[in-house]
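K.L.:
So that you have it, the file is work.cif, and it contains mmCIF, C-alpha atoms:
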data_start
loop_
_atom_site.label_atom_id
_atom_site.label_comp_id
_atom_site.auth_asym_id
_atom_site.auth_seq_id
_atom_site.Cartn_x
_atom_site.Cartn_y
_atom_site.Cartn_z
CA MET O 1 -23.02 14.41 7.24
CA PRO O 2 -20.61 12.70 9.70
CA ARG O 3 -16.91 13.14 8.96
CA TYR O 4 -16.30 9.53 7.85
CA ARG O 5 -19.28 9.62 5.48
CA PHE O 6 -17.98 12.84 3.96
CA ALA O 7 -14.54 11.25 3.49
CA GLN O 8 -16.12 8.20 1.82
CA TRP O 9 -18.18 10.44 -0.45
CA LEU O 10 -15.08 12.48 -1.31
CA GLY O 11 -13.03 9.36 -2.13
CA ARG O 12 -15.78 7.87 -4.28
CA SER O 13 -16.26 11.19 -6.07
CA VAL O 14 -12.55 11.52 -6.90
CA LEU O 15 -12.46 7.95 -8.23
CA ARG O 16 -15.62 8.47 -10.29
CA LEU O 17 -14.38 11.78 -11.73
CA GLY O 18 -11.11 10.09 -12.70
CA GLY O 19 -12.95 7.17 -14.31
CA TRP O 20 -11.66 4.68 -11.72
CA ARG O 21 -13.52 1.91 -9.93
CA MET O 22 -12.85 -0.51 -7.10
CA ARG O 23 -12.86 -4.30 -7.49
CA GLY O 24 -12.55 -6.92 -4.78
CA GLU O 25 -13.22 -6.80 -1.06
CA ILE O 26 -11.14 -5.90 1.94
CA PRO O 27 -10.51 -9.01 4.07
CA ASN O 28 -12.03 -8.77 7.55
CA ILE O 29 -8.80 -9.09 9.55
CA PRO O 30 -7.56 -6.74 12.28
CA LYS O 31 -3.88 -6.54 11.28
CA ALA O 32 -2.13 -6.74 7.93
CA VAL O 33 0.48 -5.26 5.68
CA LEU O 34 -1.22 -4.03 2.51
CA ILE O 35 1.03 -3.70 -0.54
CA ALA O 36 0.05 -1.66 -3.57
CA ALA O 37 1.72 -2.19 -6.95
CA PRO O 38 2.72 -1.48 -9.60
CA HIS O 39 3.77 1.90 -8.22
CA SER O 40 4.76 3.68 -11.42
CA SER O 41 3.31 7.20 -11.20
CA ASN O 42 2.55 10.05 -8.81
CA TRP O 43 -1.08 9.46 -9.77
CA ASP O 44 -0.98 6.17 -7.82
CA GLY O 45 -0.97 8.22 -4.62
CA VAL O 46 -4.02 10.22 -5.70
CA TRP O 47 -6.02 7.11 -6.65
CA GLY O 48 -4.76 5.19 -3.62
CA ILE O 49 -5.79 7.89 -1.13
CA ALA O 50 -9.16 8.25 -2.89
CA ALA O 51 -9.69 4.48 -2.63
CA LYS O 52 -8.66 4.50 1.03
CA LEU O 53 -11.20 7.24 1.75
CA ALA O 54 -13.92 5.54 -0.33
CA MET O 55 -13.51 2.28 1.59
CA GLY O 56 -13.31 4.01 4.96
CA LEU O 57 -9.96 2.37 5.73
CA ARG O 58 -7.60 3.66 8.38
CA LEU O 59 -4.14 2.79 7.06
CA SER O 60 -0.73 3.69 8.37
CA ILE O 61 1.41 4.51 5.37
CA LEU O 62 5.18 4.80 5.38
CA GLY O 63 6.14 7.75 3.15
CA LYS O 64 9.27 9.67 2.17
CA HIS O 65 10.11 12.23 4.85
CA SER O 66 10.85 14.82 2.15
CA LEU O 67 7.13 14.91 1.26
CA PHE O 68 6.46 16.47 4.68
CA LYS O 69 8.62 19.49 3.79
CA VAL O 70 6.23 20.58 1.01
CA PRO O 71 4.04 23.44 2.33
CA LEU O 72 0.69 22.19 3.67
CA MET O 73 1.53 18.57 2.74
CA GLY O 74 2.77 17.57 6.21
CA PRO O 75 -0.53 18.11 8.05
CA LEU O 76 -2.54 16.57 5.20
CA LEU O 77 -0.29 13.50 5.07
CA ARG O 78 -0.41 13.04 8.86
CA TRP O 79 -4.22 13.33 8.77
CA GLN O 80 -4.18 10.50 6.22
CA GLY O 81 -2.03 8.28 8.46
CA VAL O 82 1.26 8.74 6.61
CA ILE O 83 4.32 8.14 8.81
CA PRO O 84 7.51 9.91 7.63
CA VAL O 85 10.46 7.59 6.96
CA ASN O 86 13.98 8.61 6.05
CA ARG O 87 14.89 5.93 3.51
CA SER O 88 18.55 6.89 3.60
CA ALA O 89 18.65 5.71 7.24
CA PRO O 90 16.48 2.57 7.20
CA GLN O 91 17.81 1.13 10.48
CA GLY O 92 14.97 0.40 12.82
CA VAL O 93 12.06 1.00 10.43
CA VAL O 94 11.04 -2.67 10.35
CA GLU O 95 11.42 -3.00 14.12
CA GLN O 96 9.38 0.15 14.78
CA ALA O 97 6.62 -0.99 12.44
CA VAL O 98 6.48 -4.43 14.09
CA ALA O 99 6.36 -2.89 17.58
CA ALA O 100 3.50 -0.59 16.50
CA MET O 101 1.60 -3.57 15.07
CA GLN O 102 2.09 -5.62 18.22
CA ALA O 103 0.97 -2.72 20.43
CA ARG O 104 -2.38 -2.27 18.69
CA ALA O 105 -5.41 -4.51 18.37
CA CYS O 106 -6.15 -3.21 14.88
CA ILE O 107 -3.60 -1.76 12.42
CA TRP O 108 -2.81 -2.02 8.73
CA TYR O 109 0.37 -0.73 7.13
CA ALA O 110 0.28 0.15 3.44
CA ILE O 111 3.56 -0.04 1.49
CA ALA O 112 4.65 0.13 -2.15
CA PRO O 113 6.97 -2.89 -2.43
CA GLU O 114 9.01 -1.31 -5.23
CA GLY O 115 9.94 1.54 -2.89
CA THR O 116 9.90 4.01 -5.80
CA ARG O 117 7.93 4.92 -8.92
CA LYS O 118 10.83 3.90 -11.18
CA GLN O 119 11.10 0.45 -12.76
CA VAL O 120 13.06 -1.79 -10.37
CA GLN O 121 14.77 -5.14 -10.83
CA GLN O 122 13.40 -6.47 -7.55
CA TRP O 123 11.11 -5.46 -4.72
CA LYS O 124 12.39 -4.18 -1.40
CA PRO O 125 11.70 -6.92 1.17
CA GLY O 126 10.67 -4.58 4.01
CA PHE O 127 6.96 -5.35 3.59
CA TRP O 128 7.68 -9.08 3.94
CA ARG O 129 9.97 -8.55 6.95
CA ILE O 130 7.35 -6.42 8.75
CA ALA O 131 4.50 -8.88 8.05
CA HIS O 132 6.59 -11.95 8.86
CA ALA O 133 8.00 -10.56 12.13
CA ALA O 134 4.57 -9.31 13.22
CA GLY O 135 2.90 -12.58 12.22
CA VAL O 136 0.33 -10.86 10.00
CA PRO O 137 -0.75 -11.57 6.42
CA VAL O 138 0.06 -9.50 3.33
CA VAL O 139 -3.02 -8.12 1.56
CA VAL O 140 -2.48 -7.20 -2.10
CA ALA O 141 -3.88 -4.23 -4.03
CA ALA O 142 -3.15 -3.41 -7.67
CA PHE O 143 -3.32 -0.22 -9.71
CA ASP O 144 -4.56 -1.52 -13.05
CA TYR O 145 -4.37 1.35 -15.54
CA SER O 146 -5.61 -0.85 -18.41
CA SER O 147 -9.06 -1.13 -16.77
CA ARG O 148 -8.76 1.97 -14.53
CA SER O 149 -9.38 -0.25 -11.51
CA ILE O 150 -7.94 -0.58 -8.06
CA VAL O 151 -8.12 -4.30 -7.38
CA ILE O 152 -8.11 -5.65 -3.83
CA GLY O 153 -6.86 -9.23 -3.71
CA PRO O 154 -6.48 -11.93 -1.10
CA ALA O 155 -4.56 -12.00 2.15
CA PHE O 156 -1.38 -14.05 1.69
CA THR O 157 -0.19 -16.02 4.71
CA LEU O 158 3.60 -16.01 4.77
CA SER O 159 5.96 -18.94 5.20
CA ASP O 160 9.59 -18.76 6.33
CA ASP O 161 10.72 -18.65 2.68
CA MET O 162 10.84 -14.97 1.69
CA GLN O 163 11.84 -15.63 -1.93
CA ALA O 164 8.99 -18.10 -2.50
CA ASP O 165 6.44 -15.84 -0.80
CA ILE O 166 7.45 -12.79 -2.86
CA ALA O 167 7.40 -14.84 -6.09
CA ARG O 168 3.90 -16.12 -5.22
CA ILE O 169 2.67 -12.59 -4.51
CA GLN O 170 4.28 -11.16 -7.68
CA HIS O 171 2.57 -13.89 -9.69
CA TRP O 172 -0.80 -12.54 -8.48
CA TYR O 173 0.16 -9.12 -9.94
CA ALA O 174 1.05 -10.46 -13.42
CA PRO O 175 -2.19 -9.39 -15.19
CA PHE O 176 -2.16 -5.79 -13.93
CA LYS O 177 -0.71 -2.87 -15.90
CA GLY O 178 0.85 0.19 -14.25
CA ARG O 179 0.77 3.65 -15.78
CA ASN O 180 4.47 3.62 -16.73
CA HIS O 181 5.55 0.01 -16.08
CA ASP O 182 4.31 -3.31 -14.76
CA VAL O 183 5.37 -5.36 -11.73
CA VAL O 184 8.75 -7.02 -12.11
CA GLN O 185 8.51 -10.81 -11.82
CA MET O 186 11.03 -12.67 -9.69
CA GLN O 187 13.46 -14.79 -11.67
CA SER O 188 13.39 -18.50 -10.82
#
Once more with this new file: its structure as structure tokens, please.

P.N.:
Amino acid sequence: MPRYRFAQWLGRSVLRLGGWRMRGEIPNIPKAVLIAAPHSSNWDGVWGIAAKLAMGLRLSILGKHSLFKVPLMGPLLRWQGVIPVNRSAPQGVVEQAVAAMQARACIWYAIAPEGTRKQVQQWKPGFWRIAHAAGVPVVVAAFDYSSRSIVIGPAFTLSDDMQADIARIQHWYAPFKGRNHDVVQMQS
């Protein structure tokens, strides 16, 4: 069995064993920033990586650099396309991500807009800044624990109004339930 078929089988098997299913379709676009929310549990990473494998997606994921210090995690994370980021020194992360997107014909970044598993009052705008500066859409994906589904939504084209774009995207997430909390909605 070719490597990619094994990875797809493995991802589908993990989802099936966990009682999860996929809904929606991946848009056929070469570049995008994919955001996944609500990010409320370590289990989101397990289900997210399984879904990524099941769909055969090659995603570049920005992850906490401290995860790479866990024995055997570093090589596994790199194999999965995770790029270590030191969040305490965020200078240049957006610029580096934009440069990488502009240098490649096909690349998707995956980011949790909350930036943490804890309940937050507002999303970190890095995903919007990367997508806007690179001129790529934002594709949405939801972890819906109420239906045990990973839902792939539409590609949102961004305007120059960050607040309005984020509010529009958060509105799409309103029906989905995280394991420990839901997506915060922007106050109008």

K.L.:
Expand the PyMOL selection byres ((chain O and resi 95-99) around 9) into the explicit residue set it covers here, and present it as a list in words.

P.N.:
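Applying the PyMOL selection byres ((chain O and resi 95-99) around 9) to the structure shown produces Gln91, Gly92, Val93, Val94, Ala100, Met101, Gln102, Ala103, Arg104, Tyr109, Arg129, Ile130, Ala131, Ala133 and Ala134 of chain O.
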
K.L.:
I'd like the contact shell of O:Val139 - 7 Å cut-off, all atoms listed in the file, skipping same-chain residues fewer than 3 positions apart - returned as a list in words.

P.N.:
Ala32, Val33, Leu34, Ile35, Gly153, Pro154, Ala155 and Phe156 of chain O

K.L.:
Calculate how many Å separate atom CA of O:Gly11 from atom CA of O:Leu53, rounding to one decimal.

P.N.:
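Answer for the atom CA of O:Gly11 to atom CA of O:Leu53 separation: 4.8 Å.
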
K.L.:
If you take all atoms listed in the file and a cut-off of 9 Å, which residues of stretch 89-179 of chain O touch stretch 55-77 of chain O, and what are their nearest atom pairs and distances in Å to one decimal, in chain and number order, as CSV?

P.N.:
residue,atom,partner,partner_atom,distance
O:Ile107,CA,O:Leu59,CA,7.1
O:Trp108,CA,O:Leu59,CA,5.3
O:Tyr109,CA,O:Ser60,CA,4.7
O:Ala110,CA,O:Ile61,CA,4.9
O:Ile111,CA,O:Ile61,CA,6.4
O:Ala112,CA,O:Leu62,CA,8.9

K.L.:
To one decimal place in Å, what is the distance between atom CA of O:Cys106 and atom CA of O:Ile29?

P.N.:
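If I compute the distance from atom CA of O:Cys106 to atom CA of O:Ile29, I get 8.4 Å.
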
K.L.:
What does the distance from atom CA of O:Gly19 to atom CA of O:Val46 come to in Å, to one decimal?

P.N.:
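About the pair atom CA of O:Gly19 and atom CA of O:Val46: they are 12.8 Å apart.
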